[in-house]
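K.L.:
Take a look at the following structure, please.
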Amino acid sequence: MSEQRRRAVVTGIGVVAPSGIGKQAHWRTVLSGQRRTGPITLFDAAGYPTRLAGEVPDFEPARYIDNRVLVQTDRWTHLGFVATRLALADAGLPERPLDPYGWAVTLASSSGGNLFGQRELQRLWSSPSRTVGAYQSIAWFYAASVGQLSIAHQAKGPCGVLVTESAGGLDSLAQAVRIIRRGARVVLAGATECPLSPYALACQLRSGLLSGADDPRRAYLPFDSATSGYLPAEGGAVFVVEEYEHARARGVRGYAEVTGWGATHDAAHTTADSAGDPHQYARAMRLALGRAGVEPHEVDLVVPDALGVARYDRAEATALRAVFTGTAPPVSTHKTLTGRAHQGGSALDVATLLLAFAQDTLPPSAGPEQVAEGCELDFLREPRRPRTRVGLVCARGFDGFNSALVLRGTGPAGEDQP
């Protein structure tokens with residue numbers, strides 16, 4: 001089969017996020033519109049301007065991961081381990097392949113092992129021994145999750161990590177398709193994140209983009225006239241991306257085919273008074289639609305980046321209106337329920353869209369209550385059945401990264417794959 005004819009379908013979803021552990025828990029949160037953000041518990045944040053975040057509920061890594069691996073890795077990697085196991089089980093695949101060279105891992109990362117690094121550096125500067133643990137050099141490293149997962153699941157095909165902040169959750173899926181087209185049969189893609197340590201929170205506060213609100217119901221309101229910034233979050237989603245014929249031979253339909261993607265860059269740093277380049281952002285969307293062979297009017301649902309900062313929200317709305325002139329597809333965002341988990345957040349958006357196809361339901365947007373001036377979009381207010389089963393997920397990473405991904409969902413049970 002030629003490289004261009006090899007198609008890639010998502011056959012497994014693993015969610016570990018503030019919305020819950022597992023795809024069912026996440027979908028229930030999305031449909032109920034219940035906020036899962038609250039006071040930070042992973043450390044004492046009383047002295048910080050931002051004291052709220054999205055944390056994974058009842059997450060006990062020792063229930064899922066061998067202690068020998070636990071001591072070598074950060075919570076961000078623990079989240080990835082569990083999400084990957086859930087995704088493989090969902091896809092009906094074994095923990096390890098018969099042919100390890102047919103499996104690959106490509107995940108996104110931003111800040112690496114924050115909690116592990118914080119603990120070790122505090123020990124270095126506060127204890128008489130002035131030492132760090134033996135695993136400090138590998139646990140914080142931004143590629144740690146990819147390395148640990150490739151070892152755990154014996155995925156010896158092309159492996160790598162993408163570092164494009166929130167855009168990375170989408171870029172990882174685009175890279176997975178490229179790897180499939182080059183011969184791999186199964187790729188683990190997606191992202192998790194855990195930016196909740198004193199150092200990580202201080203770095204995010206430096207941007208001036210975080211919300212300082214004390215009420216979780218008012219703290220993160222994308223596209224709303226009362227928006228005041230975003231809330232950080234941990235977690236994300238990992239996917240099994242599988243070569244179409246390989247999945248079909250197993251009798252697996254999959255959730256959707258990854259049909260198009262686009263990535264552009266603003267060539268500018270994120271600053272306290274910037275808003276990104278809506279033209280480059282719109283260009284990424286057009287690239288994704290063009291590669292998918294999809295016209296704007298065919299899109300069923302758009303899942304936006306939804307940063308929750310007024311000027312960024314206006315710029316995103318401007319980009320969407322430029323791409324969808326006269327077509328106005330419904331827009332739905334759920335980051336206000338979970339917080340913004342950077343690359344894990346955009347991966348979670350993909351999971352939401354895939355589950356919408358599987359459940360034959362486009363979920364209503366979790367806000368805005370009062371649409372801000374300049375953010376006028378067709379926000380979905382009630383559940384709706386898909387029309388074309390084509391969705392667009394968009395993301396922007398700090399310092400100029402823009403990405404968009406087009407997914408075409410499988411039909412209702414009884415129909416063939418897309």
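Just so we're on the same page: first chain in the structure tokens is A, next is B, and so on; residues restart at 1 for each chain, and ligands are numbered from 1 in the order they show up.
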Counting only C-alpha atoms, what is within 10 Å of region 305-314 of chain A, bar same-chain residues fewer than 5 positions away, as an MDAnalysis selection string?
P.N.:
chainID A and resid 166:167 208:211 219:231 273:278 319:320 332:336 339:340 342 345:346 349 372:376 393:397 402:404
K.L.:
Just the strand (DSSP E) stuff from region 144-238 of chain A, please, per backbone DSSP, written as a list in words.
P.N.:
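The residues of region 144-238 of chain A classed as strand (DSSP E) are Cys159, Gly160, Val161, Leu162, Val186, Val187, Leu188, Ala189, Gly190, Ala191, Thr192, Glu193, Gly235, Gly236, Ala237 and Val238 of chain A.
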K.L.:
Nearest to Pro195 (chain A) among A:Gln148, A:Gln359, A:Ser137, A:Gln118, with distances taken over only C-alpha atoms: which residue is it?
P.N.:
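Smallest distance to Pro195 (chain A) is found for A:Gln118.
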K.L.:
I'd like the contact shell of Leu52 (chain A) - 12 Å cut-off, only C-alpha atoms, skipping same-chain residues fewer than 3 positions apart - returned as a PDB file with N, CA, C and O atoms, in the first residue's frame.
P.N.:
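Output (around09.pdb):
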```
ATOM      1  N   ARG A  35     -18.701  21.801  36.793  1.00  0.00           N
ATOM      2  CA  ARG A  35     -17.328  22.288  36.920  1.00  0.00           C
ATOM      3  C   ARG A  35     -16.528  21.374  37.837  1.00  0.00           C
ATOM      4  O   ARG A  35     -16.981  20.985  38.907  1.00  0.00           O
ATOM      5  N   ARG A  36     -15.299  21.084  37.404  1.00  0.00           N
ATOM      6  CA  ARG A  36     -14.417  20.216  38.173  1.00  0.00           C
ATOM      7  C   ARG A  36     -13.168  20.956  38.652  1.00  0.00           C
ATOM      8  O   ARG A  36     -12.192  20.314  39.037  1.00  0.00           O
ATOM      9  N   THR A  37     -13.208  22.268  38.646  1.00  0.00           N
ATOM     10  CA  THR A  37     -12.089  23.044  39.170  1.00  0.00           C
ATOM     11  C   THR A  37     -12.351  23.394  40.629  1.00  0.00           C
ATOM     12  O   THR A  37     -13.499  23.476  41.071  1.00  0.00           O
ATOM     13  N   GLY A  38     -11.277  23.620  41.376  1.00  0.00           N
ATOM     14  CA  GLY A  38     -11.414  23.955  42.793  1.00  0.00           C
ATOM     15  C   GLY A  38     -10.068  24.305  43.388  1.00  0.00           C
ATOM     16  O   GLY A  38      -9.076  24.466  42.662  1.00  0.00           O
ATOM     17  N   PRO A  39      -9.986  24.422  44.702  1.00  0.00           N
ATOM     18  CA  PRO A  39      -8.726  24.796  45.349  1.00  0.00           C
ATOM     19  C   PRO A  39      -7.605  23.802  45.041  1.00  0.00           C
ATOM     20  O   PRO A  39      -7.830  22.585  45.014  1.00  0.00           O
ATOM     21  N   ILE A  40      -6.407  24.304  44.815  1.00  0.00           N
ATOM     22  CA  ILE A  40      -5.235  23.463  44.582  1.00  0.00           C
ATOM     23  C   ILE A  40      -4.917  22.678  45.854  1.00  0.00           C
ATOM     24  O   ILE A  40      -4.857  23.238  46.948  1.00  0.00           O
ATOM     25  N   THR A  41      -4.731  21.363  45.701  1.00  0.00           N
ATOM     26  CA  THR A  41      -4.407  20.514  46.852  1.00  0.00           C
ATOM     27  C   THR A  41      -3.033  19.862  46.730  1.00  0.00           C
ATOM     28  O   THR A  41      -2.536  19.299  47.719  1.00  0.00           O
ATOM     29  N   LEU A  42      -2.413  19.901  45.562  1.00  0.00           N
ATOM     30  CA  LEU A  42      -1.126  19.248  45.381  1.00  0.00           C
ATOM     31  C   LEU A  42      -0.005  19.967  46.126  1.00  0.00           C
ATOM     32  O   LEU A  42       1.063  19.393  46.355  1.00  0.00           O
ATOM     33  N   PHE A  43      -0.217  21.229  46.485  1.00  0.00           N
ATOM     34  CA  PHE A  43       0.702  21.967  47.345  1.00  0.00           C
ATOM     35  C   PHE A  43      -0.081  23.123  47.952  1.00  0.00           C
ATOM     36  O   PHE A  43      -1.221  23.393  47.559  1.00  0.00           O
ATOM     37  N   ASP A  44       0.516  23.801  48.904  1.00  0.00           N
ATOM     38  CA  ASP A  44      -0.140  24.924  49.572  1.00  0.00           C
ATOM     39  C   ASP A  44      -0.023  26.168  48.704  1.00  0.00           C
ATOM     40  O   ASP A  44       1.051  26.771  48.605  1.00  0.00           O
ATOM     41  N   ALA A  45      -1.123  26.557  48.077  1.00  0.00           N
ATOM     42  CA  ALA A  45      -1.121  27.701  47.164  1.00  0.00           C
ATOM     43  C   ALA A  45      -1.712  28.952  47.788  1.00  0.00           C
ATOM     44  O   ALA A  45      -2.037  29.917  47.090  1.00  0.00           O
ATOM     45  N   ALA A  46      -1.818  28.968  49.121  1.00  0.00           N
ATOM     46  CA  ALA A  46      -2.485  30.084  49.804  1.00  0.00           C
ATOM     47  C   ALA A  46      -1.826  31.427  49.505  1.00  0.00           C
ATOM     48  O   ALA A  46      -2.500  32.455  49.457  1.00  0.00           O
ATOM     49  N   GLY A  47      -0.530  31.450  49.288  1.00  0.00           N
ATOM     50  CA  GLY A  47       0.156  32.711  49.067  1.00  0.00           C
ATOM     51  C   GLY A  47       0.261  33.133  47.615  1.00  0.00           C
ATOM     52  O   GLY A  47       0.947  34.119  47.313  1.00  0.00           O
ATOM     53  N   TYR A  48      -0.418  32.442  46.717  1.00  0.00           N
ATOM     54  CA  TYR A  48      -0.327  32.739  45.284  1.00  0.00           C
ATOM     55  C   TYR A  48      -1.587  33.469  44.807  1.00  0.00           C
ATOM     56  O   TYR A  48      -2.686  33.228  45.322  1.00  0.00           O
ATOM     57  N   PRO A  49      -1.460  34.327  43.803  1.00  0.00           N
ATOM     58  CA  PRO A  49      -2.638  35.031  43.266  1.00  0.00           C
ATOM     59  C   PRO A  49      -3.685  34.075  42.685  1.00  0.00           C
ATOM     60  O   PRO A  49      -4.873  34.354  42.734  1.00  0.00           O
ATOM     61  N   GLU A  55      -7.737  19.468  39.033  1.00  0.00           N
ATOM     62  CA  GLU A  55      -6.941  18.308  39.432  1.00  0.00           C
ATOM     63  C   GLU A  55      -7.718  17.028  39.158  1.00  0.00           C
ATOM     64  O   GLU A  55      -8.950  17.005  39.227  1.00  0.00           O
ATOM     65  N   LEU A 196       1.225  21.813  38.173  1.00  0.00           N
ATOM     66  CA  LEU A 196       0.764  22.252  39.487  1.00  0.00           C
ATOM     67  C   LEU A 196       1.815  21.968  40.554  1.00  0.00           C
ATOM     68  O   LEU A 196       1.734  21.002  41.314  1.00  0.00           O
ATOM     69  N   LEU A 201       3.546  26.941  38.810  1.00  0.00           N
ATOM     70  CA  LEU A 201       2.530  27.986  38.929  1.00  0.00           C
ATOM     71  C   LEU A 201       3.163  29.366  38.816  1.00  0.00           C
ATOM     72  O   LEU A 201       2.604  30.262  38.173  1.00  0.00           O
ATOM     73  N   LEU A 210      -3.274  34.191  33.922  1.00  0.00           N
ATOM     74  CA  LEU A 210      -4.065  33.360  34.826  1.00  0.00           C
ATOM     75  C   LEU A 210      -5.138  34.172  35.538  1.00  0.00           C
ATOM     76  O   LEU A 210      -4.972  35.360  35.790  1.00  0.00           O
ATOM     77  N   SER A 211      -6.217  33.488  35.887  1.00  0.00           N
ATOM     78  CA  SER A 211      -7.298  34.115  36.644  1.00  0.00           C
ATOM     79  C   SER A 211      -6.962  34.125  38.137  1.00  0.00           C
ATOM     80  O   SER A 211      -6.434  33.151  38.668  1.00  0.00           O
ATOM     81  N   GLY A 212      -7.288  35.225  38.789  1.00  0.00           N
ATOM     82  CA  GLY A 212      -7.106  35.322  40.227  1.00  0.00           C
ATOM     83  C   GLY A 212      -8.410  35.225  40.993  1.00  0.00           C
ATOM     84  O   GLY A 212      -8.429  35.471  42.206  1.00  0.00           O
ATOM     85  N   ALA A 213      -9.487  34.848  40.317  1.00  0.00           N
ATOM     86  CA  ALA A 213     -10.794  34.759  40.967  1.00  0.00           C
ATOM     87  C   ALA A 213     -10.810  33.632  41.993  1.00  0.00           C
ATOM     88  O   ALA A 213     -10.160  32.599  41.813  1.00  0.00           O
ATOM     89  N   ASP A 214     -11.558  33.827  43.078  1.00  0.00           N
ATOM     90  CA  ASP A 214     -11.652  32.830  44.141  1.00  0.00           C
ATOM     91  C   ASP A 214     -12.859  31.915  43.991  1.00  0.00           C
ATOM     92  O   ASP A 214     -12.929  30.881  44.636  1.00  0.00           O
ATOM     93  N   ASP A 215     -13.808  32.293  43.156  1.00  0.00           N
ATOM     94  CA  ASP A 215     -15.019  31.506  42.951  1.00  0.00           C
ATOM     95  C   ASP A 215     -14.836  30.643  41.701  1.00  0.00           C
ATOM     96  O   ASP A 215     -14.726  31.181  40.589  1.00  0.00           O
ATOM     97  N   PRO A 216     -14.800  29.311  41.841  1.00  0.00           N
ATOM     98  CA  PRO A 216     -14.616  28.450  40.662  1.00  0.00           C
ATOM     99  C   PRO A 216     -15.660  28.684  39.577  1.00  0.00           C
ATOM    100  O   PRO A 216     -15.385  28.467  38.392  1.00  0.00           O
ATOM    101  N   ARG A 217     -16.833  29.155  39.964  1.00  0.00           N
ATOM    102  CA  ARG A 217     -17.888  29.378  38.972  1.00  0.00           C
ATOM    103  C   ARG A 217     -17.624  30.614  38.121  1.00  0.00           C
ATOM    104  O   ARG A 217     -18.224  30.779  37.062  1.00  0.00           O
ATOM    105  N   ARG A 218     -16.729  31.491  38.568  1.00  0.00           N
ATOM    106  CA  ARG A 218     -16.454  32.733  37.845  1.00  0.00           C
ATOM    107  C   ARG A 218     -15.000  32.857  37.417  1.00  0.00           C
ATOM    108  O   ARG A 218     -14.596  33.880  36.879  1.00  0.00           O
ATOM    109  N   ALA A 219     -14.204  31.818  37.669  1.00  0.00           N
ATOM    110  CA  ALA A 219     -12.756  31.961  37.507  1.00  0.00           C
ATOM    111  C   ALA A 219     -12.266  31.760  36.074  1.00  0.00           C
ATOM    112  O   ALA A 219     -11.231  32.304  35.703  1.00  0.00           O
ATOM    113  N   TYR A 220     -12.956  30.981  35.275  1.00  0.00           N
ATOM    114  CA  TYR A 220     -12.468  30.673  33.924  1.00  0.00           C
ATOM    115  C   TYR A 220     -13.669  30.700  32.994  1.00  0.00           C
ATOM    116  O   TYR A 220     -14.458  29.758  32.952  1.00  0.00           O
ATOM    117  N   GLY A 229      -9.105  35.430  32.717  1.00  0.00           N
ATOM    118  CA  GLY A 229      -7.924  34.596  32.565  1.00  0.00           C
ATOM    119  C   GLY A 229      -8.276  33.128  32.694  1.00  0.00           C
ATOM    120  O   GLY A 229      -9.432  32.759  32.932  1.00  0.00           O
ATOM    121  N   TYR A 230      -7.265  32.280  32.573  1.00  0.00           N
ATOM    122  CA  TYR A 230      -7.529  30.844  32.621  1.00  0.00           C
ATOM    123  C   TYR A 230      -7.087  30.243  33.952  1.00  0.00           C
ATOM    124  O   TYR A 230      -6.318  30.844  34.703  1.00  0.00           O
ATOM    125  N   LEU A 231      -7.589  29.056  34.244  1.00  0.00           N
ATOM    126  CA  LEU A 231      -7.149  28.269  35.381  1.00  0.00           C
ATOM    127  C   LEU A 231      -6.279  27.124  34.881  1.00  0.00           C
ATOM    128  O   LEU A 231      -6.635  26.449  33.909  1.00  0.00           O
ATOM    129  N   PRO A 232      -5.137  26.867  35.521  1.00  0.00           N
ATOM    130  CA  PRO A 232      -4.301  25.739  35.100  1.00  0.00           C
ATOM    131  C   PRO A 232      -4.960  24.424  35.459  1.00  0.00           C
ATOM    132  O   PRO A 232      -5.850  24.355  36.321  1.00  0.00           O
ATOM    133  N   ALA A 233      -4.535  23.364  34.801  1.00  0.00           N
ATOM    134  CA  ALA A 233      -5.109  22.037  35.068  1.00  0.00           C
ATOM    135  C   ALA A 233      -4.090  20.966  34.734  1.00  0.00           C
ATOM    136  O   ALA A 233      -3.147  21.192  33.964  1.00  0.00           O
ATOM    137  N   GLU A 234      -4.301  19.798  35.316  1.00  0.00           N
ATOM    138  CA  GLU A 234      -3.490  18.635  34.991  1.00  0.00           C
ATOM    139  C   GLU A 234      -4.334  17.653  34.186  1.00  0.00           C
ATOM    140  O   GLU A 234      -5.544  17.806  34.054  1.00  0.00           O
ATOM    141  N   THR A 338     -12.884  22.061  33.308  1.00  0.00           N
ATOM    142  CA  THR A 338     -11.705  21.310  33.741  1.00  0.00           C
ATOM    143  C   THR A 338     -10.483  22.159  34.027  1.00  0.00           C
ATOM    144  O   THR A 338      -9.564  21.697  34.710  1.00  0.00           O
ATOM    145  N   GLY A 339     -10.433  23.389  33.501  1.00  0.00           N
ATOM    146  CA  GLY A 339      -9.209  24.153  33.501  1.00  0.00           C
ATOM    147  C   GLY A 339      -8.426  23.879  32.224  1.00  0.00           C
ATOM    148  O   GLY A 339      -8.796  23.033  31.404  1.00  0.00           O
ATOM    149  N   ARG A 340      -7.324  24.607  32.057  1.00  0.00           N
ATOM    150  CA  ARG A 340      -6.519  24.509  30.837  1.00  0.00           C
ATOM    151  C   ARG A 340      -5.262  23.689  31.126  1.00  0.00           C
ATOM    152  O   ARG A 340      -4.351  24.146  31.810  1.00  0.00           O
TER     153      ARG A 340
END
```
K.L.:
Calculated over only C-alpha atoms, which of the candidates A:Val161, A:Val240, A:Val105, A:Leu124 has the smallest distance to Leu88 (chain A)?
P.N.:
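The shortest atom-to-atom distance to Leu88 (chain A) comes from A:Val240.
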K.L.:
Tell me, as a VMD selection string, which residues lie within 9 Å of Glu193 (chain A), counting only C-alpha atoms; anything in the same chain fewer than 3 positions away does not count.
P.N.:
chain A and resid 75 to 77 79 to 80 109 to 113 233 to 236 341 to 345
K.L.:
Mind writing the picked residues with all heavy atoms as a tab-separated table (two decimals), in the first residue's frame?
P.N.:
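The file below, selection06.tsv, is the result:
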```tsv
chain	number	residue	atom	x	y	z
A	75	ARG	N	4.42	12.78	38.32
A	75	ARG	CA	2.96	12.63	38.24
A	75	ARG	C	2.47	12.80	36.81
A	75	ARG	O	1.54	12.11	36.38
A	75	ARG	CB	2.29	13.65	39.17
A	75	ARG	CG	0.75	13.56	39.23
A	75	ARG	CD	0.21	14.57	40.21
A	75	ARG	NE	-1.23	14.65	40.20
A	75	ARG	CZ	-2.04	13.96	41.02
A	75	ARG	NH1	-1.53	13.12	41.88
A	75	ARG	NH2	-3.36	14.12	40.96
A	76	TRP	N	3.07	13.71	36.07
A	76	TRP	CA	2.70	13.91	34.66
A	76	TRP	C	2.85	12.62	33.87
A	76	TRP	O	1.99	12.26	33.05
A	76	TRP	CB	3.58	15.04	34.10
A	76	TRP	CG	3.99	14.96	32.68
A	76	TRP	CD1	3.21	15.11	31.59
A	76	TRP	CD2	5.32	14.76	32.19
A	76	TRP	NE1	3.96	15.02	30.43
A	76	TRP	CE2	5.26	14.80	30.79
A	76	TRP	CE3	6.57	14.57	32.80
A	76	TRP	CZ2	6.40	14.66	29.99
A	76	TRP	CZ3	7.68	14.42	32.00
A	76	TRP	CH2	7.60	14.45	30.61
A	77	THR	N	3.92	11.86	34.12
A	77	THR	CA	4.12	10.58	33.46
A	77	THR	C	3.15	9.54	34.01
A	77	THR	O	2.65	8.69	33.26
A	77	THR	CB	5.56	10.12	33.63
A	77	THR	OG1	6.44	11.08	33.03
A	77	THR	CG2	5.81	8.78	32.96
A	79	LEU	N	0.13	10.04	34.96
A	79	LEU	CA	-1.13	10.28	34.25
A	79	LEU	C	-1.09	9.68	32.85
A	79	LEU	O	-2.07	9.09	32.36
A	79	LEU	CB	-1.40	11.78	34.17
A	79	LEU	CG	-1.61	12.50	35.50
A	79	LEU	CD1	-1.50	14.02	35.32
A	79	LEU	CD2	-2.96	12.15	36.10
A	80	GLY	N	0.07	9.79	32.19
A	80	GLY	CA	0.23	9.22	30.85
A	80	GLY	C	0.17	7.71	30.85
A	80	GLY	O	-0.40	7.09	29.94
A	109	SER	N	4.47	17.55	24.94
A	109	SER	CA	4.88	17.94	26.29
A	109	SER	C	5.16	19.43	26.31
A	109	SER	O	5.38	20.05	25.27
A	109	SER	CB	6.14	17.17	26.70
A	109	SER	OG	6.59	17.57	27.99
A	110	SER	N	5.13	20.00	27.50
A	110	SER	CA	5.48	21.42	27.65
A	110	SER	C	6.49	21.62	28.76
A	110	SER	O	7.64	21.96	28.52
A	110	SER	CB	4.23	22.27	27.94
A	110	SER	OG	3.38	22.35	26.82
A	111	SER	N	6.07	21.37	29.99
A	111	SER	CA	6.91	21.74	31.13
A	111	SER	C	7.58	20.56	31.80
A	111	SER	O	8.42	20.75	32.69
A	111	SER	CB	6.07	22.50	32.17
A	111	SER	OG	4.96	21.72	32.58
A	112	GLY	N	7.25	19.32	31.44
A	112	GLY	CA	7.93	18.17	31.99
A	112	GLY	C	7.51	17.83	33.40
A	112	GLY	O	6.41	18.14	33.84
A	113	GLY	N	8.43	17.18	34.14
A	113	GLY	CA	8.12	16.66	35.47
A	113	GLY	C	8.28	17.68	36.57
A	113	GLY	O	9.27	17.69	37.31
A	233	ALA	N	-4.54	23.36	34.80
A	233	ALA	CA	-5.11	22.04	35.07
A	233	ALA	C	-4.09	20.97	34.73
A	233	ALA	O	-3.15	21.19	33.96
A	233	ALA	CB	-6.38	21.82	34.26
A	234	GLU	N	-4.30	19.80	35.32
A	234	GLU	CA	-3.49	18.64	34.99
A	234	GLU	C	-4.33	17.65	34.19
A	234	GLU	O	-5.54	17.81	34.05
A	234	GLU	CB	-2.98	17.96	36.26
A	234	GLU	CG	-4.08	17.37	37.14
A	234	GLU	CD	-3.53	16.56	38.31
A	234	GLU	OE1	-2.32	16.29	38.33
A	234	GLU	OE2	-4.33	16.19	39.19
A	235	GLY	N	-3.66	16.63	33.66
A	235	GLY	CA	-4.37	15.57	32.95
A	235	GLY	C	-4.32	15.72	31.45
A	235	GLY	O	-3.52	16.47	30.89
A	236	GLY	N	-5.20	14.99	30.78
A	236	GLY	CA	-5.26	15.00	29.33
A	236	GLY	C	-5.82	13.70	28.79
A	236	GLY	O	-6.64	13.04	29.45
A	341	ALA	N	-5.21	22.48	30.60
A	341	ALA	CA	-4.10	21.57	30.85
A	341	ALA	C	-3.05	21.63	29.74
A	341	ALA	O	-2.40	20.62	29.44
A	341	ALA	CB	-4.62	20.14	31.00
A	342	HIS	N	-2.91	22.81	29.13
A	342	HIS	CA	-1.89	23.00	28.09
A	342	HIS	C	-2.06	21.93	27.00
A	342	HIS	O	-3.17	21.76	26.50
A	342	HIS	CB	-0.50	23.03	28.71
A	342	HIS	CG	-0.39	24.08	29.78
A	342	HIS	ND1	-0.15	25.40	29.48
A	342	HIS	CD2	-0.55	24.01	31.12
A	342	HIS	CE1	-0.14	26.11	30.61
A	342	HIS	NE2	-0.39	25.29	31.62
A	343	GLN	N	-1.00	21.19	26.62
A	343	GLN	CA	-1.16	20.20	25.54
A	343	GLN	C	-2.16	19.10	25.92
A	343	GLN	O	-2.84	18.55	25.07
A	343	GLN	CB	0.18	19.59	25.15
A	343	GLN	CG	0.81	18.65	26.18
A	343	GLN	CD	1.50	19.38	27.30
A	343	GLN	OE1	1.66	20.60	27.25
A	343	GLN	NE2	1.95	18.66	28.32
A	344	GLY	N	-2.27	18.80	27.20
A	344	GLY	CA	-3.27	17.82	27.63
A	344	GLY	C	-4.69	18.31	27.40
A	344	GLY	O	-5.60	17.52	27.17
A	345	GLY	N	-4.89	19.64	27.44
A	345	GLY	CA	-6.21	20.21	27.23
A	345	GLY	C	-6.69	20.06	25.80
A	345	GLY	O	-7.87	19.75	25.56
```
K.L.:
CA of Gly20 (chain A) and CA of Pro383 (chain A), how far apart in Å?
P.N.:
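So the two atoms, CA of Pro383 (chain A) and CA of Gly20 (chain A), lie 20.9 Å apart.
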K.L.:
State, in Å with one decimal place, the distance from CA of Gln122 (chain A) to CA of Arg68 (chain A).
P.N.:
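Going from CA of Gln122 (chain A) over to CA of Arg68 (chain A), I get 22.5 Å.
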K.L.:
Could you name the residues that touch Gly190 (chain A) at 8 Å or less, counting only C-alpha atoms, but leaving out those on the same chain fewer than 3 positions away, as a ChimeraX atom specification?
P.N.:
/A:106-108,169-170,172-173,236-239,344,347
K.L.:
Leaving out His265 (chain A) and any residue of its chain fewer than 5 positions from it, which residues lie within 8 Å of it when counting only C-alpha atoms, given as a PyMOL selection string?
P.N.:
chain A and resi 280-281+400-402
K.L.:
Could those selected residues go to a file with N, CA, C and O atoms, as a compact mmCIF listing (two decimals), in the first residue's frame?
P.N.:
```txt
# COMPACT_ATOMS: atom_id res chain seq x y z
N GLN A 280 -2.67 34.03 10.95
CA GLN A 280 -1.95 32.76 10.94
C GLN A 280 -2.80 31.64 11.54
O GLN A 280 -2.74 30.48 11.10
N TYR A 281 -3.57 31.97 12.54
CA TYR A 281 -4.46 30.98 13.16
C TYR A 281 -5.50 30.51 12.14
O TYR A 281 -5.75 29.31 11.99
N GLY A 400 3.32 31.62 19.82
CA GLY A 400 2.99 31.67 18.40
C GLY A 400 2.56 30.41 17.71
O GLY A 400 2.36 30.43 16.49
N PHE A 401 2.40 29.29 18.41
CA PHE A 401 2.01 28.06 17.73
C PHE A 401 0.50 28.03 17.48
O PHE A 401 -0.30 28.30 18.37
N ASN A 402 0.11 27.65 16.26
CA ASN A 402 -1.30 27.49 15.89
C ASN A 402 -1.49 26.13 15.25
O ASN A 402 -0.70 25.75 14.37
```
